[in-house]
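Participant: What follows is final-v2.csv, made up of CSV, N, CA and C atoms:
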chain,number,residue,atom,x,y,z
V,55,MET,N,68.8,28.4,85.8
V,55,MET,CA,67.8,27.4,85.6
V,55,MET,C,66.6,27.9,84.7
V,56,SER,N,66.4,27.3,83.6
V,56,SER,CA,65.3,27.7,82.8
V,56,SER,C,64.0,27.1,83.2
V,57,LYS,N,62.9,27.9,83.0
V,57,LYS,CA,61.6,27.5,83.3
V,57,LYS,C,60.9,27.0,82.1
V,58,LEU,N,60.2,25.8,82.1
V,58,LEU,CA,59.5,25.3,81.0
V,58,LEU,C,58.3,26.2,80.7
V,59,LYS,N,58.1,26.5,79.5
V,59,LYS,CA,56.9,27.3,79.1
V,59,LYS,C,55.7,26.3,78.9
V,60,VAL,N,54.6,26.7,79.6
V,60,VAL,CA,53.4,25.9,79.5
V,60,VAL,C,52.9,25.9,78.1
V,61,ASP,N,52.5,24.7,77.6
V,61,ASP,CA,52.0,24.5,76.2
V,61,ASP,C,50.5,24.1,76.4
V,62,VAL,N,49.6,24.9,75.8
V,62,VAL,CA,48.2,24.7,75.8
V,62,VAL,C,47.6,24.7,74.4
V,63,GLN,N,46.8,23.7,74.2
V,63,GLN,CA,46.1,23.6,72.9
V,63,GLN,C,44.6,23.2,73.2
V,64,VAL,N,43.7,23.9,72.5
V,64,VAL,CA,42.3,23.4,72.5
V,64,VAL,C,42.2,22.4,71.4
V,65,ILE,N,42.0,21.1,71.8
V,65,ILE,CA,42.0,20.1,70.8
V,65,ILE,C,40.6,19.7,70.3
V,66,GLN,N,39.6,20.0,71.0
V,66,GLN,CA,38.2,19.8,70.5
V,66,GLN,C,37.3,20.8,71.2
V,67,ALA,N,36.4,21.4,70.4
V,67,ALA,CA,35.4,22.3,70.9
V,67,ALA,C,34.1,22.1,70.1
V,68,GLY,N,33.0,22.0,70.9
V,68,GLY,CA,31.7,21.8,70.3
V,68,GLY,C,30.8,21.0,71.1
V,69,ILE,N,30.1,20.1,70.5
V,69,ILE,CA,29.1,19.3,71.2
V,69,ILE,C,29.7,17.9,71.6
V,70,PHE,N,29.4,17.5,72.8
V,70,PHE,CA,29.9,16.2,73.3
V,70,PHE,C,28.8,15.3,73.8
V,71,SER,N,29.1,14.1,74.1
V,71,SER,CA,28.2,13.2,74.8
V,71,SER,C,28.0,13.6,76.2
V,72,LYS,N,27.0,13.1,76.9
V,72,LYS,CA,26.8,13.5,78.3
V,72,LYS,C,28.0,13.2,79.1
V,73,TRP,N,28.5,14.2,79.9
V,73,TRP,CA,29.7,14.0,80.8
V,73,TRP,C,29.3,13.4,82.1
V,74,ASP,N,30.1,12.4,82.5
V,74,ASP,CA,29.9,11.8,83.8
V,74,ASP,C,31.0,12.4,84.8
V,75,SER,N,30.6,13.3,85.7
V,75,SER,CA,31.5,13.9,86.5
V,75,SER,C,32.2,13.0,87.5
V,76,GLN,N,31.6,11.8,87.7
V,76,GLN,CA,32.2,10.8,88.6
V,76,GLN,C,33.3,9.9,87.9
V,77,SER,N,33.4,10.1,86.6
V,77,SER,CA,34.3,9.2,85.8
V,77,SER,C,35.6,10.1,85.4
V,78,ALA,N,36.7,9.4,85.3
V,78,ALA,CA,37.9,10.1,84.9
V,78,ALA,C,37.9,10.2,83.3
V,79,ALA,N,37.0,9.5,82.7
V,79,ALA,CA,36.9,9.6,81.2
V,79,ALA,C,36.3,10.9,80.7
V,80,LEU,N,36.9,11.5,79.7
V,80,LEU,CA,36.3,12.7,79.1
V,80,LEU,C,35.1,12.3,78.3
V,81,PRO,N,34.1,13.2,78.1
V,81,PRO,CA,33.0,12.9,77.2
V,81,PRO,C,33.4,12.7,75.8
V,82,LYS,N,32.6,12.0,75.0
V,82,LYS,CA,32.9,11.7,73.6
V,82,LYS,C,32.6,12.9,72.8
V,83,PHE,N,33.6,13.3,71.9
V,83,PHE,CA,33.4,14.4,71.0
V,83,PHE,C,32.4,14.0,69.9
V,84,LEU,N,31.4,14.8,69.6
V,84,LEU,CA,30.4,14.5,68.6
V,84,LEU,C,30.4,15.5,67.4
V,85,GLN,N,30.6,16.8,67.7
V,85,GLN,CA,30.5,17.7,66.5
V,85,GLN,C,31.3,19.0,66.9
V,86,ALA,N,32.2,19.4,65.9
V,86,ALA,CA,32.9,20.7,66.1
V,86,ALA,C,32.0,21.8,65.7
V,87,THR,N,31.7,22.7,66.6
V,87,THR,CA,30.9,23.9,66.4
V,87,THR,C,31.0,24.9,67.5
V,88,ILE,N,30.6,26.1,67.3
V,88,ILE,CA,30.4,27.1,68.3
V,88,ILE,C,28.9,27.4,68.4
V,89,HIS,N,28.1,26.9,67.5
V,89,HIS,CA,26.7,27.2,67.4
V,89,HIS,C,25.9,26.0,68.1
V,90,VAL,N,25.3,26.2,69.2
V,90,VAL,CA,24.7,25.1,69.9
V,90,VAL,C,23.2,25.3,70.0
V,91,PRO,N,22.4,24.3,69.5
V,91,PRO,CA,21.0,24.4,69.6
V,91,PRO,C,20.5,24.3,71.0
V,92,ALA,N,19.6,25.1,71.4
V,92,ALA,CA,19.1,25.1,72.8
V,92,ALA,C,18.2,23.9,73.0
V,93,GLU,N,18.7,22.8,73.4
V,93,GLU,CA,18.0,21.5,73.6
V,93,GLU,C,18.3,21.0,75.0
V,94,ILE,N,17.3,20.6,75.7
V,94,ILE,CA,17.6,20.1,77.1
V,94,ILE,C,18.6,19.0,77.1
V,95,ASP,N,19.6,19.1,78.0
V,95,ASP,CA,20.7,18.1,78.2
V,95,ASP,C,21.7,18.1,77.2
V,96,ILE,N,21.7,19.0,76.2
V,96,ILE,CA,22.8,19.0,75.2
V,96,ILE,C,24.1,19.4,75.9
V,97,GLU,N,25.2,18.7,75.7
V,97,GLU,CA,26.5,19.0,76.3
V,97,GLU,C,27.4,19.7,75.4
V,98,PHE,N,28.0,20.8,75.8
V,98,PHE,CA,28.9,21.5,74.9
V,98,PHE,C,30.1,22.1,75.7
V,99,GLY,N,31.2,22.3,75.0
V,99,GLY,CA,32.4,22.8,75.7
V,99,GLY,C,33.6,22.6,74.9
V,100,PHE,N,34.8,22.5,75.6
V,100,PHE,CA,36.0,22.2,74.9
V,100,PHE,C,37.0,21.4,75.7
V,101,VAL,N,37.9,20.7,75.0
V,101,VAL,CA,38.9,19.9,75.7
V,101,VAL,C,40.2,20.6,75.4
V,102,THR,N,41.0,20.8,76.4
V,102,THR,CA,42.4,21.3,76.2
V,102,THR,C,43.4,20.3,76.6
V,103,ARG,N,44.6,20.4,75.9
V,103,ARG,CA,45.7,19.6,76.3
V,103,ARG,C,46.7,20.5,76.9
V,104,ILE,N,47.1,20.3,78.1
V,104,ILE,CA,48.0,21.2,78.8
V,104,ILE,C,49.3,20.4,79.1
V,105,LYS,N,50.4,21.0,78.7
V,105,LYS,CA,51.7,20.3,78.9
V,105,LYS,C,52.6,21.2,79.8
V,106,LYS,N,53.4,20.6,80.5
V,106,LYS,CA,54.5,21.3,81.3
V,106,LYS,C,53.9,22.2,82.4
V,107,ALA,N,52.8,21.8,83.1
V,107,ALA,CA,52.2,22.6,84.1
V,107,ALA,C,51.7,21.7,85.3
V,108,LYS,N,52.3,20.6,85.5
V,108,LYS,CA,51.9,19.7,86.6
V,108,LYS,C,51.9,20.4,87.9
V,109,ASN,N,50.9,20.1,88.7
V,109,ASN,CA,50.7,20.6,90.1
V,109,ASN,C,50.4,22.1,90.1
V,110,GLN,N,50.2,22.8,89.0
V,110,GLN,CA,49.8,24.2,89.0
V,110,GLN,C,48.3,24.3,89.1
V,111,LYS,N,47.8,25.4,89.7
V,111,LYS,CA,46.4,25.6,89.9
V,111,LYS,C,45.7,26.2,88.6
V,112,LEU,N,44.7,25.5,88.1
V,112,LEU,CA,44.0,25.9,86.9
V,112,LEU,C,42.6,26.4,87.4
V,113,ARG,N,42.3,27.7,87.0
V,113,ARG,CA,41.0,28.2,87.3
V,113,ARG,C,40.1,28.2,86.0
V,114,TYR,N,38.9,27.7,86.2
V,114,TYR,CA,37.9,27.6,85.1
V,114,TYR,C,36.8,28.5,85.4
V,115,CYS,N,36.1,29.0,84.4
V,115,CYS,CA,35.0,29.9,84.6
V,115,CYS,C,34.0,29.8,83.4
V,116,ILE,N,32.7,29.7,83.6
V,116,ILE,CA,31.7,29.7,82.6
V,116,ILE,C,30.8,30.9,82.8
V,117,TYR,N,30.8,31.8,81.9
V,117,TYR,CA,30.0,33.0,82.0
V,117,TYR,C,28.7,32.7,81.2
V,118,HIS,N,27.6,32.6,81.9
V,118,HIS,CA,26.3,32.4,81.3
V,118,HIS,C,25.6,33.7,80.8
V,119,PRO,N,24.7,33.6,79.9
V,119,PRO,CA,24.0,34.8,79.4
V,119,PRO,C,22.9,35.3,80.3
V,120,ASP,N,23.2,35.8,81.5
V,120,ASP,CA,22.2,36.4,82.4
V,120,ASP,C,21.1,35.5,82.7
V,121,ILE,N,21.4,34.3,83.2
V,121,ILE,CA,20.3,33.3,83.5
V,121,ILE,C,19.9,33.6,85.0
V,122,PRO,N,18.6,33.8,85.2
V,122,PRO,CA,18.1,34.1,86.5
V,122,PRO,C,18.0,32.8,87.4
V,123,ASP,N,18.2,32.9,88.7
V,123,ASP,CA,17.9,31.8,89.6
V,123,ASP,C,16.4,31.8,89.9
V,124,ASP,N,16.0,30.9,90.9
V,124,ASP,CA,14.6,30.8,91.2
V,124,ASP,C,14.0,32.0,91.8
V,125,ASN,N,14.9,32.9,92.4
V,125,ASN,CA,14.4,34.2,92.9
V,125,ASN,C,14.4,35.4,92.0
V,126,GLY,N,14.8,35.1,90.7
V,126,GLY,CA,14.9,36.1,89.7
V,126,GLY,C,16.2,36.9,89.7
V,127,ASN,N,17.2,36.5,90.5
V,127,ASN,CA,18.5,37.1,90.5
V,127,ASN,C,19.4,36.5,89.5
V,128,ILE,N,20.2,37.3,88.8
V,128,ILE,CA,21.1,36.8,87.8
V,128,ILE,C,22.2,35.9,88.5
V,129,ARG,N,22.3,34.7,87.9
V,129,ARG,CA,23.3,33.7,88.5
V,129,ARG,C,24.7,34.2,88.2
V,130,PRO,N,25.6,34.0,89.2
V,130,PRO,CA,27.0,34.4,88.9
V,130,PRO,C,27.6,33.4,88.0
V,131,PRO,N,28.8,33.8,87.4
V,131,PRO,CA,29.5,32.8,86.6
V,131,PRO,C,29.8,31.5,87.4
V,132,PHE,N,29.9,30.4,86.8
V,132,PHE,CA,30.2,29.2,87.4
V,132,PHE,C,31.8,29.0,87.3
V,133,ASP,N,32.4,29.0,88.5
V,133,ASP,CA,33.9,28.9,88.4
V,133,ASP,C,34.4,28.0,89.5
V,134,GLY,N,35.7,27.7,89.4
V,134,GLY,CA,36.3,26.8,90.4
V,134,GLY,C,37.8,26.6,90.0
V,135,GLU,N,38.5,25.8,90.8
V,135,GLU,CA,39.9,25.5,90.6
V,135,GLU,C,40.2,24.1,90.7
V,136,VAL,N,41.1,23.6,89.9
V,136,VAL,CA,41.6,22.2,89.9
V,136,VAL,C,43.1,22.3,89.8
V,137,TYR,N,43.8,21.2,90.3
V,137,TYR,CA,45.2,21.1,90.1
V,137,TYR,C,45.5,20.2,88.9
V,138,ILE,N,46.4,20.7,88.1
V,138,ILE,CA,46.8,19.9,86.9
V,138,ILE,C,47.6,18.7,87.4
V,139,LYS,N,47.1,17.5,87.0
V,139,LYS,CA,47.5,16.2,87.5
V,139,LYS,C,48.7,15.6,86.8
V,140,GLU,N,49.0,16.0,85.6
V,140,GLU,CA,50.1,15.3,84.8
V,140,GLU,C,50.8,16.4,84.0
V,141,ASN,N,51.9,16.0,83.5
V,141,ASN,CA,52.7,16.9,82.6
V,141,ASN,C,52.1,17.0,81.2
V,142,ASP,N,51.3,16.0,80.9
V,142,ASP,CA,50.5,16.0,79.6
V,142,ASP,C,49.1,15.7,79.9
V,143,TRP,N,48.3,16.7,80.2
V,143,TRP,CA,46.9,16.5,80.8
V,143,TRP,C,45.8,17.0,79.9
V,144,ARG,N,44.8,16.3,79.8
V,144,ARG,CA,43.6,16.8,79.1
V,144,ARG,C,42.5,17.2,80.1
V,145,PHE,N,41.9,18.3,79.8
V,145,PHE,CA,40.8,18.8,80.7
V,145,PHE,C,39.6,19.2,79.9
V,146,TYR,N,38.4,18.8,80.3
V,146,TYR,CA,37.2,19.2,79.7
V,146,TYR,C,36.5,20.3,80.5
V,147,LEU,N,36.1,21.3,79.8
V,147,LEU,CA,35.3,22.4,80.4
V,147,LEU,C,34.0,22.5,79.6
V,148,GLY,N,32.9,22.3,80.2
V,148,GLY,CA,31.6,22.3,79.5
V,148,GLY,C,30.4,22.5,80.4
V,149,ASP,N,29.3,22.6,79.7
V,149,ASP,CA,28.0,22.8,80.4
V,149,ASP,C,26.9,22.2,79.6
V,150,THR,N,25.7,22.3,80.1
V,150,THR,CA,24.6,21.7,79.5
V,150,THR,C,23.4,22.6,79.6
V,151,ILE,N,22.4,22.4,78.8
V,151,ILE,CA,21.2,23.3,78.8
V,151,ILE,C,20.1,22.5,79.7
V,152,TRP,N,19.4,23.3,80.6
V,152,TRP,CA,18.4,22.8,81.4
V,152,TRP,C,17.1,23.6,81.2
V,153,ALA,N,16.0,23.1,81.6
V,153,ALA,CA,14.7,23.9,81.5
V,153,ALA,C,14.7,25.0,82.4
V,154,PRO,N,14.0,26.1,82.0
V,154,PRO,CA,13.5,26.4,80.7
V,154,PRO,C,14.6,26.8,79.7
V,155,ILE,N,14.5,26.5,78.4
V,155,ILE,CA,15.5,26.8,77.5
V,155,ILE,C,15.5,28.3,77.1
V,156,GLU,N,14.4,28.9,77.2
V,156,GLU,CA,14.2,30.3,76.7
V,156,GLU,C,15.2,31.3,77.4
V,157,ASN,N,15.6,31.0,78.6
V,157,ASN,CA,16.5,32.0,79.3
V,157,ASN,C,18.0,31.5,79.2
V,158,LYS,N,18.2,30.5,78.4
V,158,LYS,CA,19.6,30.0,78.2
V,158,LYS,C,20.2,30.5,76.9
V,159,LEU,N,19.4,31.2,76.1
V,159,LEU,CA,19.9,31.7,74.8
V,159,LEU,C,20.9,32.8,74.9
V,160,GLY,N,21.9,32.8,74.0
V,160,GLY,CA,22.9,33.8,74.0
V,160,GLY,C,24.3,33.2,74.1
V,161,ASN,N,25.3,34.1,74.4
V,161,ASN,CA,26.7,33.7,74.4
V,161,ASN,C,27.1,33.1,75.8
V,162,TRP,N,27.7,31.9,75.7
V,162,TRP,CA,28.3,31.2,76.9
V,162,TRP,C,29.8,31.3,76.7
V,163,ARG,N,30.5,32.0,77.5
V,163,ARG,CA,32.0,32.2,77.4
V,163,ARG,C,32.6,31.3,78.4
V,164,MET,N,33.5,30.4,78.0
V,164,MET,CA,34.2,29.5,78.9
V,164,MET,C,35.7,29.9,78.8
V,165,THR,N,36.4,30.0,80.0
V,165,THR,CA,37.8,30.4,80.1
V,165,THR,C,38.5,29.5,81.0
V,166,LEU,N,39.8,29.3,80.7
V,166,LEU,CA,40.8,28.7,81.6
V,166,LEU,C,41.9,29.6,81.9
V,167,GLU,N,42.3,29.7,83.2
V,167,GLU,CA,43.4,30.7,83.6
V,167,GLU,C,44.4,29.9,84.3
V,168,LEU,N,45.7,30.3,84.1
V,168,LEU,CA,46.8,29.8,84.9
V,168,LEU,C,47.6,31.0,85.3
V,169,LYS,N,47.8,31.2,86.6
V,169,LYS,CA,48.6,32.3,87.2
V,169,LYS,C,48.0,33.6,86.8
V,170,GLY,N,46.6,33.7,86.7
V,170,GLY,CA,45.9,34.9,86.4
V,170,GLY,C,45.8,35.3,85.0
V,171,LYS,N,46.3,34.4,84.1
V,171,LYS,CA,46.3,34.7,82.6
V,171,LYS,C,45.4,33.7,81.9
V,172,VAL,N,44.5,34.2,81.1
V,172,VAL,CA,43.7,33.3,80.3
V,172,VAL,C,44.6,32.6,79.3
V,173,ILE,N,44.5,31.2,79.4
V,173,ILE,CA,45.3,30.4,78.5
V,173,ILE,C,44.5,29.7,77.4
V,174,ALA,N,43.1,29.6,77.6
V,174,ALA,CA,42.2,29.0,76.6
V,174,ALA,C,40.9,29.6,76.9
V,175,GLU,N,40.1,29.8,75.8
V,175,GLU,CA,38.7,30.3,75.9
V,175,GLU,C,38.0,30.0,74.6
V,176,ARG,N,36.7,29.8,74.8
V,176,ARG,CA,35.8,29.6,73.7
V,176,ARG,C,34.4,30.3,74.1
V,177,THR,N,33.8,30.9,73.1
V,177,THR,CA,32.4,31.4,73.3
V,177,THR,C,31.5,30.6,72.4
V,178,PHE,N,30.4,30.0,73.0
V,178,PHE,CA,29.4,29.3,72.3
V,178,PHE,C,28.2,30.1,72.2
V,179,LYS,N,27.5,30.0,71.0
V,179,LYS,CA,26.3,30.8,70.8
V,179,LYS,C,25.1,29.8,70.9
V,180,VAL,N,24.4,29.9,72.0
V,180,VAL,CA,23.2,29.0,72.2
V,180,VAL,C,22.0,29.7,71.6
V,181,HIS,N,21.3,28.9,70.7
V,181,HIS,CA,20.2,29.5,70.0
V,181,HIS,C,19.0,28.5,69.9
V,182,LEU,N,17.9,29.0,69.6
V,182,LEU,CA,16.7,28.1,69.4
V,182,LEU,C,17.0,27.1,68.2
V,183,ALA,N,16.7,25.9,68.3
V,183,ALA,CA,16.8,24.9,67.2
V,183,ALA,C,15.9,25.3,66.1
V,184,GLU,N,16.4,25.0,64.9
V,184,GLU,CA,15.5,25.4,63.7
V,184,GLU,C,14.6,24.2,63.4
What is this file in structure tokens?
Facilitator:
Amino acid sequence: MSKLKVDVQVIQAGIFSKWDSQSAALPKFLQATIHVPAEIDIEFGFVTRIKKAKNQKLRYCIYHPDIPDDNGNIRPPFDGEVYIKENDWRFYLGDTIWAPIENKLGNWRMTLELKGKVIAERTFKVHLAE
């Protein structure tokens, strides 16, 4: 019996409209870029299309550029797991900038893993707006 090979494509990466975590709808794609101006509430990330992986566990992770918490400790990466809901599934992984913007500058690396292997990733460069 042959196993189907998972098919993963990053179909959009860049700046998006504000994401509503309570909605099943993905945010609207606004601009393709890896360079993100550090503006409050700007939404950035990527959308993947994952085929042939229904019911498998997908791990996501966002590595922030050493952002301190309220006590001055460096925040750990933001990560979690979701189950792939369909055989042809779109998934958005993204984040937004919050105040103060000065400590959000730098590289934000976002990854998706399946069975311990990175299947998609993007690094966004957050910088002061010109």
Participant: Going by DSSP on the backbone, which residues of chain V come out as helix (DSSP H, G or I)? List them as a ChimeraX atom specification.
Facilitator: /V:155-158
Participant: Between atom C of V:Phe132 and atom CA of V:Gly160, what is the distance in Å, rounded to a tenth?
Facilitator: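 Computing the Euclidean distance for atom C of V:Phe132 and atom CA of V:Gly160 yields 16.7 Å.
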Participant: Set the distance at 8 Å and use only N, CA and C atoms: which residues neighbour V:Ile121 once local chain neighbours fewer than 4 positions away are removed? I'd like the list as a ChimeraX atom specification.
Facilitator: /V:117,126-130,157-159
Participant: Go through V:Ile65, V:Glu167, V:Arg176, V:Asn161 and flag the residue nearest V:Val101, using only N, CA and C atoms for the distances.
Facilitator: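 Under the stated criterion, the closest residue is V:Ile65.
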Participant: Around the point (34.5, 21.2, 73.4), in the coordinates given by the file, pick out the residues reaching within 10 Å, counting only C-alpha atoms, and return them as a list in words.
Facilitator: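 Those residues, ordered by chain and then number, are Val64, Ile65, Gln66, Ala67, Gly68, Ile69, Phe70, Pro81, Lys82, Phe83, Leu84, Gln85, Ala86, Thr87, Ile88, Glu97, Phe98, Gly99, Phe100, Val101, Thr102, Phe145, Tyr146, Leu147, Gly148, Asp149, Met164, Arg176 and Phe178 of chain V.
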Participant: Separation of atom C of V:Ile96 and atom C of V:Asp61, in Å?
Facilitator: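 Answer for the atom C of V:Ile96 to atom C of V:Asp61 separation: 26.8 Å.
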Participant: At a cut-off of 6 Å around the point (34.4, 28.4, 79.7) (file coordinates), what residues fall inside when counting only C-alpha atoms? I'd like the answer as number ranges by chain.
Facilitator: V: 115-116, 163-165
Participant: Keeping N, CA and C atoms, export the residues of the selection given above as a PDB file, keeping the file's coordinate frame.
Facilitator:
ATOM      1  N   CYS V 115      36.100  29.000  84.400  1.00  0.00           N
ATOM      2  CA  CYS V 115      35.000  29.900  84.600  1.00  0.00           C
ATOM      3  C   CYS V 115      34.000  29.800  83.400  1.00  0.00           C
ATOM      4  N   ILE V 116      32.700  29.700  83.600  1.00  0.00           N
ATOM      5  CA  ILE V 116      31.700  29.700  82.600  1.00  0.00           C
ATOM      6  C   ILE V 116      30.800  30.900  82.800  1.00  0.00           C
ATOM      7  N   ARG V 163      30.500  32.000  77.500  1.00  0.00           N
ATOM      8  CA  ARG V 163      32.000  32.200  77.400  1.00  0.00           C
ATOM      9  C   ARG V 163      32.600  31.300  78.400  1.00  0.00           C
ATOM     10  N   MET V 164      33.500  30.400  78.000  1.00  0.00           N
ATOM     11  CA  MET V 164      34.200  29.500  78.900  1.00  0.00           C
ATOM     12  C   MET V 164      35.700  29.900  78.800  1.00  0.00           C
ATOM     13  N   THR V 165      36.400  30.000  80.000  1.00  0.00           N
ATOM     14  CA  THR V 165      37.800  30.400  80.100  1.00  0.00           C
ATOM     15  C   THR V 165      38.500  29.500  81.000  1.00  0.00           C
TER      16      THR V 165
END
Participant: State, in Å with one decimal place, the distance from atom CA of V:Asp142 to atom CA of V:His89.
Facilitator: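 Distance reported for this atom pair: 29.0 Å.
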Participant: Skipping near chain neighbours, those fewer than 6 positions away, what residues fall within 8 Å of V:Val62 using all atoms listed in the file, listed as a PDB file with N, CA and C atoms, in the frame of the given file?
Facilitator:
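Output file selection37.pdb follows:
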ATOM      1  N   THR V 102      41.000  20.800  76.400  1.00  0.00           N
ATOM      2  CA  THR V 102      42.400  21.300  76.200  1.00  0.00           C
ATOM      3  C   THR V 102      43.400  20.300  76.600  1.00  0.00           C
ATOM      4  N   ARG V 103      44.600  20.400  75.900  1.00  0.00           N
ATOM      5  CA  ARG V 103      45.700  19.600  76.300  1.00  0.00           C
ATOM      6  C   ARG V 103      46.700  20.500  76.900  1.00  0.00           C
ATOM      7  N   ILE V 104      47.100  20.300  78.100  1.00  0.00           N
ATOM      8  CA  ILE V 104      48.000  21.200  78.800  1.00  0.00           C
ATOM      9  C   ILE V 104      49.300  20.400  79.100  1.00  0.00           C
ATOM     10  N   LYS V 105      50.400  21.000  78.700  1.00  0.00           N
ATOM     11  CA  LYS V 105      51.700  20.300  78.900  1.00  0.00           C
ATOM     12  C   LYS V 105      52.600  21.200  79.800  1.00  0.00           C
ATOM     13  N   LYS V 106      53.400  20.600  80.500  1.00  0.00           N
ATOM     14  CA  LYS V 106      54.500  21.300  81.300  1.00  0.00           C
ATOM     15  C   LYS V 106      53.900  22.200  82.400  1.00  0.00           C
ATOM     16  N   ILE V 173      44.500  31.200  79.400  1.00  0.00           N
ATOM     17  CA  ILE V 173      45.300  30.400  78.500  1.00  0.00           C
ATOM     18  C   ILE V 173      44.500  29.700  77.400  1.00  0.00           C
ATOM     19  N   ALA V 174      43.100  29.600  77.600  1.00  0.00           N
ATOM     20  CA  ALA V 174      42.200  29.000  76.600  1.00  0.00           C
ATOM     21  C   ALA V 174      40.900  29.600  76.900  1.00  0.00           C
TER      22      ALA V 174
END
